[in-house]
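Participant: Can you read through this structure? Questions will come right after.
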Amino acid sequence: MLGRTVTRASFAENSSKEVTVRNKTKAIGAIGLGSVAAGALLIGAFVAVAKGNTSAVFVVPAIGGFLFYVCWLVGWRATIRLRPEGIVIENCIVRLMVPWRLGRQFVVSSGIKLRLLDGRMISTWAFQGSLGAQLNGYSAFKPIRDRLQEESDKIVFSVPVSASTAEYRWRLQLPDLWIPFTLIGVSEAVVTLAYLLS
């Protein structure tokens with residue numbers, strides 16, 4: 001074993017008994033990267049507009065907003081949600097609903113995956129494998145897998161599986177579109193202010 005790894009998970013339970021599992025390391029890294037990149041673009045646009053280059057007024061805020069949004073999706077939206085009716089795996093823009101009766105075995109195999117009773121494996125983007133994790137024998141993923149199993153067992157034992165009417169389904173989603181639009185709006189206001197002051 002090469003030592004401690006940086007992968008950390010957060011387990012948060014809300015009032016409706018949903019446990020949201022998120023990769024804290026990925027969330028901090030991706031959102032931080034998106035913030036720095038969007039901020040650098042905004043500063044560059046501000047300076048360019050202040051020097052008389054007006055082409056940056058509309059393009060740069062849109063690029064910065066989109067870049068931050070993609071990093072936010074990767075870092076924050078990629079989750080595993082354990083609900084009374086089943087497991088929801090959110091892989092950025094794809095959302096999978098898996099009822100408990102189809103299986104609930106989490107395994108470590110190039111990251112953390114959900115193995116269904118029929119043998120299908122569903123990857124979770126929240127806990128994907130990497131070369132570093134592989135070299136370390138996925139040591140950080142095993143306690144997360146064990147905690148996922150414990151939380152799943154608690155939910156399944158407290159809610160009878162037969163009570164769930166949920167069906168397996170997947171859908172595409174573009175969650176929380178207010179985030180890029182807010183960032184684009186704020187960036188546009190700052191760049192327009194630079195344009196007016198120049």
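Ligands are numbered from 1 in the order shown, chains are lettered A, B, ... in the order of the structure tokens, and residues start at 1 in each chain.
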At a cut-off of 8 Å, can you tabulate as JSON lines every residue of segment 30-123 of chain A near segment 140-150 of chain A together with its closest atom pair and the distance in Å to one decimal, using only C-alpha atoms and ordering rows by chain then number?

Facilitator:
```
{"residue": "A:Arg104", "atom": "CA", "partner": "A:Gln149", "partner_atom": "CA", "distance": 7.7}
{"residue": "A:Gln105", "atom": "CA", "partner": "A:Gln149", "partner_atom": "CA", "distance": 7.1}
{"residue": "A:Phe106", "atom": "CA", "partner": "A:Arg145", "partner_atom": "CA", "distance": 6.0}
{"residue": "A:Val107", "atom": "CA", "partner": "A:Arg145", "partner_atom": "CA", "distance": 6.7}
{"residue": "A:Val108", "atom": "CA", "partner": "A:Lys142", "partner_atom": "CA", "distance": 6.7}
{"residue": "A:Gly111", "atom": "CA", "partner": "A:Phe141", "partner_atom": "CA", "distance": 7.0}
{"residue": "A:Ile112", "atom": "CA", "partner": "A:Phe141", "partner_atom": "CA", "distance": 6.8}
```

Participant: As a PDB file with all heavy atoms, in the first residue's frame, please: the residues near Ile43 of chain A (cut-off 10 Å, only C-alpha atoms, same-chain neighbours under 4 positions excluded).

Facilitator:
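Writing done, so here's around00.pdb:
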```
ATOM      1  N   ALA A  37     -11.018  28.966 -12.968  1.00  0.00           N
ATOM      2  CA  ALA A  37     -11.039  29.175 -14.416  1.00  0.00           C
ATOM      3  C   ALA A  37     -12.016  30.281 -14.805  1.00  0.00           C
ATOM      4  O   ALA A  37     -11.683  31.168 -15.602  1.00  0.00           O
ATOM      5  CB  ALA A  37     -11.395  27.876 -15.135  1.00  0.00           C
ATOM      6  N   ALA A  38     -13.227  30.244 -14.225  1.00  0.00           N
ATOM      7  CA  ALA A  38     -14.219  31.280 -14.539  1.00  0.00           C
ATOM      8  C   ALA A  38     -13.740  32.645 -14.042  1.00  0.00           C
ATOM      9  O   ALA A  38     -13.913  33.660 -14.721  1.00  0.00           O
ATOM     10  CB  ALA A  38     -15.566  30.920 -13.926  1.00  0.00           C
ATOM     11  N   GLY A  39     -13.116  32.679 -12.866  1.00  0.00           N
ATOM     12  CA  GLY A  39     -12.582  33.937 -12.331  1.00  0.00           C
ATOM     13  C   GLY A  39     -11.465  34.491 -13.197  1.00  0.00           C
ATOM     14  O   GLY A  39     -11.404  35.701 -13.452  1.00  0.00           O
ATOM     15  N   VAL A  47     -10.021  43.189 -18.014  1.00  0.00           N
ATOM     16  CA  VAL A  47      -8.827  43.901 -18.480  1.00  0.00           C
ATOM     17  C   VAL A  47      -8.929  44.192 -19.975  1.00  0.00           C
ATOM     18  O   VAL A  47      -8.616  45.299 -20.422  1.00  0.00           O
ATOM     19  CB  VAL A  47      -7.547  43.091 -18.157  1.00  0.00           C
ATOM     20  CG1 VAL A  47      -6.332  43.687 -18.834  1.00  0.00           C
ATOM     21  CG2 VAL A  47      -7.341  43.005 -16.646  1.00  0.00           C
ATOM     22  N   ALA A  48      -9.383  43.203 -20.760  1.00  0.00           N
ATOM     23  CA  ALA A  48      -9.502  43.410 -22.207  1.00  0.00           C
ATOM     24  C   ALA A  48     -10.486  44.524 -22.532  1.00  0.00           C
ATOM     25  O   ALA A  48     -10.214  45.376 -23.384  1.00  0.00           O
ATOM     26  CB  ALA A  48      -9.938  42.107 -22.886  1.00  0.00           C
ATOM     27  N   VAL A  49     -11.619  44.530 -21.835  1.00  0.00           N
ATOM     28  CA  VAL A  49     -12.621  45.567 -22.084  1.00  0.00           C
ATOM     29  C   VAL A  49     -12.107  46.929 -21.626  1.00  0.00           C
ATOM     30  O   VAL A  49     -12.316  47.945 -22.293  1.00  0.00           O
ATOM     31  CB  VAL A  49     -13.959  45.201 -21.394  1.00  0.00           C
ATOM     32  CG1 VAL A  49     -14.917  46.379 -21.384  1.00  0.00           C
ATOM     33  CG2 VAL A  49     -14.595  44.016 -22.099  1.00  0.00           C
ATOM     34  N   VAL A  60     -16.855  35.944 -23.330  1.00  0.00           N
ATOM     35  CA  VAL A  60     -16.118  35.438 -22.169  1.00  0.00           C
ATOM     36  C   VAL A  60     -17.036  35.065 -21.002  1.00  0.00           C
ATOM     37  O   VAL A  60     -16.869  33.998 -20.409  1.00  0.00           O
ATOM     38  CB  VAL A  60     -15.017  36.431 -21.745  1.00  0.00           C
ATOM     39  CG1 VAL A  60     -14.355  35.988 -20.461  1.00  0.00           C
ATOM     40  CG2 VAL A  60     -13.988  36.557 -22.854  1.00  0.00           C
ATOM     41  N   SER A 187     -21.116  37.886 -14.394  1.00  0.00           N
ATOM     42  CA  SER A 187     -19.937  38.163 -15.215  1.00  0.00           C
ATOM     43  C   SER A 187     -20.228  39.253 -16.234  1.00  0.00           C
ATOM     44  O   SER A 187     -19.412  40.154 -16.437  1.00  0.00           O
ATOM     45  CB  SER A 187     -19.495  36.895 -15.955  1.00  0.00           C
ATOM     46  OG  SER A 187     -19.139  35.888 -15.053  1.00  0.00           O
ATOM     47  N   VAL A 190     -20.196  42.627 -14.552  1.00  0.00           N
ATOM     48  CA  VAL A 190     -18.842  43.100 -14.248  1.00  0.00           C
ATOM     49  C   VAL A 190     -18.145  43.581 -15.515  1.00  0.00           C
ATOM     50  O   VAL A 190     -17.515  44.644 -15.540  1.00  0.00           O
ATOM     51  CB  VAL A 190     -18.022  41.981 -13.550  1.00  0.00           C
ATOM     52  CG1 VAL A 190     -16.555  42.351 -13.449  1.00  0.00           C
ATOM     53  CG2 VAL A 190     -18.592  41.693 -12.170  1.00  0.00           C
ATOM     54  N   VAL A 191     -18.254  42.798 -16.602  1.00  0.00           N
ATOM     55  CA  VAL A 191     -17.599  43.177 -17.854  1.00  0.00           C
ATOM     56  C   VAL A 191     -18.240  44.443 -18.436  1.00  0.00           C
ATOM     57  O   VAL A 191     -17.542  45.327 -18.943  1.00  0.00           O
ATOM     58  CB  VAL A 191     -17.632  42.002 -18.859  1.00  0.00           C
ATOM     59  CG1 VAL A 191     -17.136  42.425 -20.226  1.00  0.00           C
ATOM     60  CG2 VAL A 191     -16.789  40.840 -18.332  1.00  0.00           C
TER      61      VAL A 191
END
```

Participant: When distances are computed from only C-alpha atoms, which of A:Val156, A:Ala78, A:Val36, A:Ile31 shows the smallest separation from Arg101 of chain A?

Facilitator: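 Closest residue, counting only C-alpha atoms: A:Val156.
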
Participant: May I ask for the distance between atom CA of Phe68 of chain A and atom CA of Phe11 of chain A, given in Å to one decimal place?

Facilitator: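 Distance reported for this atom pair: 24.3 Å.
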
Participant: Near Arg171 of chain A, within 12 Å and counting only C-alpha atoms, which residues show up once chain neighbours fewer than 2 positions away are dropped, as a PyMOL selection string?

Facilitator: chain A and resi 88-97+168-169+173-175

Participant: Enumerate as a count of residues only all residues of segment 4-65 of chain A assigned to alpha helix (DSSP H) by DSSP on the backbone, naming them with the chain letters and numbers the document uses.

Facilitator: 37

Participant: Which residues come within 7 Å of segment 80-83 of chain A, counting only C-alpha atoms, excluding same-chain residues fewer than 2 positions away, as a ChimeraX atom specification?

Facilitator: /A:17-22,85-90,152

Participant: Can you write just those residues out, C-alpha atoms, as a short mmCIF file (atom, residue, chain, number, x, y, z; two decimals), in the first residue's frame?

Facilitator:
```
data_model
loop_
_atom_site.label_atom_id
_atom_site.label_comp_id
_atom_site.auth_asym_id
_atom_site.auth_seq_id
_atom_site.Cartn_x
_atom_site.Cartn_y
_atom_site.Cartn_z
CA LYS A 17 -34.70 9.77 5.06
CA GLU A 18 -32.68 10.17 1.87
CA VAL A 19 -28.95 9.63 2.31
CA THR A 20 -26.90 11.59 -0.21
CA VAL A 21 -23.38 10.31 -0.77
CA ARG A 22 -20.93 12.65 -2.48
CA GLU A 85 -37.86 3.39 -2.74
CA GLY A 86 -34.38 2.59 -4.06
CA ILE A 87 -30.98 3.87 -5.16
CA VAL A 88 -30.61 6.94 -7.35
CA ILE A 89 -27.30 7.27 -9.15
CA GLU A 90 -26.73 10.71 -10.61
CA SER A 152 -28.56 0.56 2.37
#
```

Participant: For Ser16 of chain A, which of A:Ile63, A:Ile155, A:Gly119, A:Trp72 is the closest residue, counting only C-alpha atoms?

Facilitator: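 Of all the options, A:Ile155 lies closest to Ser16 of chain A.
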
Participant: If you measure from atom CA of Ser109 of chain A to atom CA of Arg8 of chain A, what distance in Å do you get, rounded to one decimal?

Facilitator: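 Atom-to-atom, atom CA of Ser109 of chain A and atom CA of Arg8 of chain A are spaced 17.3 Å apart.
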
Participant: Would you please work out which residue, of A:Cys71, A:Phe157, A:Asp118, A:Ser139, is nearest to Val6 of chain A when using only C-alpha atoms?

Facilitator: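 With only C-alpha atoms as the atom set, the closest residue is A:Ser139.
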